[in-house]
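Working notes, beginning with the structure itself.
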Amino acid sequence: MKISDIVSAIDGTIICGSQYLENNVENAFASDLMSDVLTLKLQNLLLVTGLSNIQSIRTAEMSDIQYVLIVRNKEVTADMANLAEESNMVLIKSPYSMFKVSGILYQKGLKPVY
Amino acid sequence: MRLNFNIEGGDFTKAGSASSQVKKTLKQINVSPTIIKRVVVALYEAEVNIVAHAFRGNISVDIEPEQVHVQLTDEGPGIPDIDRAMQKGFSTASPKVREMGFGAGMGLSNIRDNVDTFKITSEVNKGTTLDMTVLISDNQ
Ligand SMILES: Nc1ncnc2c1ncn2[C@@H]1O[C@H](COP(=O)(O)OP(=O)(O)OP(=O)(O)O)[C@@H](O)[C@H]1O
Ligand SMILES: [Mg+2]
């Protein structure tokens with residue numbers, strides 16, 4: 001699924017990485033547990049999370065995850081945005097809940113990891 | 001090449017910056033992405049463990065042509081029962097650590113799964129030492 005289509009499907013706001021909106025991603029994983037995310041072997045992945053702090057971005061950085069979607073419009077700090085930008089990520093936030101975001105994106109064809 | 005880092009317990013704003021530095025270095029010397037990911041995922045889990053569970057610590061990373069060797073030592077409460085700590089789901093993480101997205105009790109087993117050699121020793125009320133190696137080979 002195209003990143004720009006994901007953004008519009010979940011009423012998203014792009015925080016950084018707008019130069020990558022034409023990229024495609026096939027799989028998504030939703031979790032607030034960073035050690036769970038760190039077990040994933042897949043790399044071309046969208047991480048959907050309610051955890052909005054520097055560690056969610058660090059986790060994506062270490063896992064080579066380029067796309068991160070923060071749900072429930074949680075505040076994204078400047079440190080988070082800077083780290084995401086430096087790591088060439090697309091950081092998006094959505095007003096919807098994790099359940100709603102996951103439901104919409106699943107229906108539109110994003111595949112689960114498990 | 002050797003890299004050294006000092007880690008402060010409790011400082012979640014900086015947790016991961018050592019791992020990030022190691023990732024950049026490995027990238028610069030063209031280590032394959034699969035190997036880099038294994039090294040930095042294991043290192044990041046271990047770095048976060050020092051921040052989450054210990055008072056302070058030190059990380060030393062030796063990068064050689066055939067392997068990356070990492071040693072983490074910390075001063076802290078130590079681990080009374082290592083077998084139990086290695087089990088998936090076992091965690092003594094504080095609410096503050098859980099708020100940061102950690103405390104699933106998966107870190108140590110995830111570290112072991114990502115490395116080629118793994119050794120952990122610990123003394124209660126003193127600290128913990130973790131030794132690990134990831135081999136760099138062309139067919140990985
Ligand atoms: N460096 C350390 N010093 C003291 N105790 C530790 C240390 N590392 C791990 N432990 C103990 O071992 C337990 C399991 O560690 P592990 O990394 O597997 O899980 P966790 O850190 O609790 O959660 P997470 O899944 O986020 O890593 C910890 O909860 C803690 O009790
Ligand atoms: Mg841990």
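By order in the structure tokens, chains are A, B, ...; within a chain, residues start at 1; ligands start at 1, following the order shown.
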Q. Once you count only C-alpha atoms, which residues of chain B turn out to be within 12 Å of chain A? Could you give them as an MDAnalysis selection string?
A. chainID B and resid 11:24 33:49 88:89 91 97:114
Q: Compile the contact shell of range 118-123 of chain B as JSON, numbers by chain: residues with an atom at most 8 Å away, counting only C-alpha atoms, same-chain residues fewer than 5 positions apart removed.
A: {"B": [77, 78, 79, 80, 82, 112, 128, 129, 130, 131, 132, 133]}
How would the residues just picked look written out with C-alpha atoms as a short mmCIF file (atom, residue, chain, number, x, y, z; two decimals), in the first residue's frame?
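Result saved to selection.cif:
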```cif
data_model
loop_
_atom_site.label_atom_id
_atom_site.label_comp_id
_atom_site.auth_asym_id
_atom_site.auth_seq_id
_atom_site.Cartn_x
_atom_site.Cartn_y
_atom_site.Cartn_z
CA PRO B 77 21.06 -4.97 41.87
CA GLY B 78 22.26 -7.96 39.84
CA ILE B 79 20.07 -10.89 38.82
CA PRO B 80 19.34 -13.44 41.57
CA ILE B 82 19.42 -15.92 35.70
CA ARG B 112 20.28 -14.64 22.93
CA THR B 128 25.73 -7.88 35.82
CA THR B 129 28.05 -8.64 32.91
CA LEU B 130 26.88 -9.63 29.48
CA ASP B 131 29.27 -10.89 26.83
CA MET B 132 28.17 -11.53 23.29
CA THR B 133 29.54 -12.04 19.81
#
```
**Q.** Those of range 21-71 of chain B in DSSP helix (DSSP H, G or I), formatted as a VMD selection string
**A.** chain B and resid 21 to 28 33 to 53
Q | Expected answer as a PyMOL selection string: strand (DSSP E) residues in chain B | A | chain B and resi 2-8+56-63+67-75+117-123+127-135
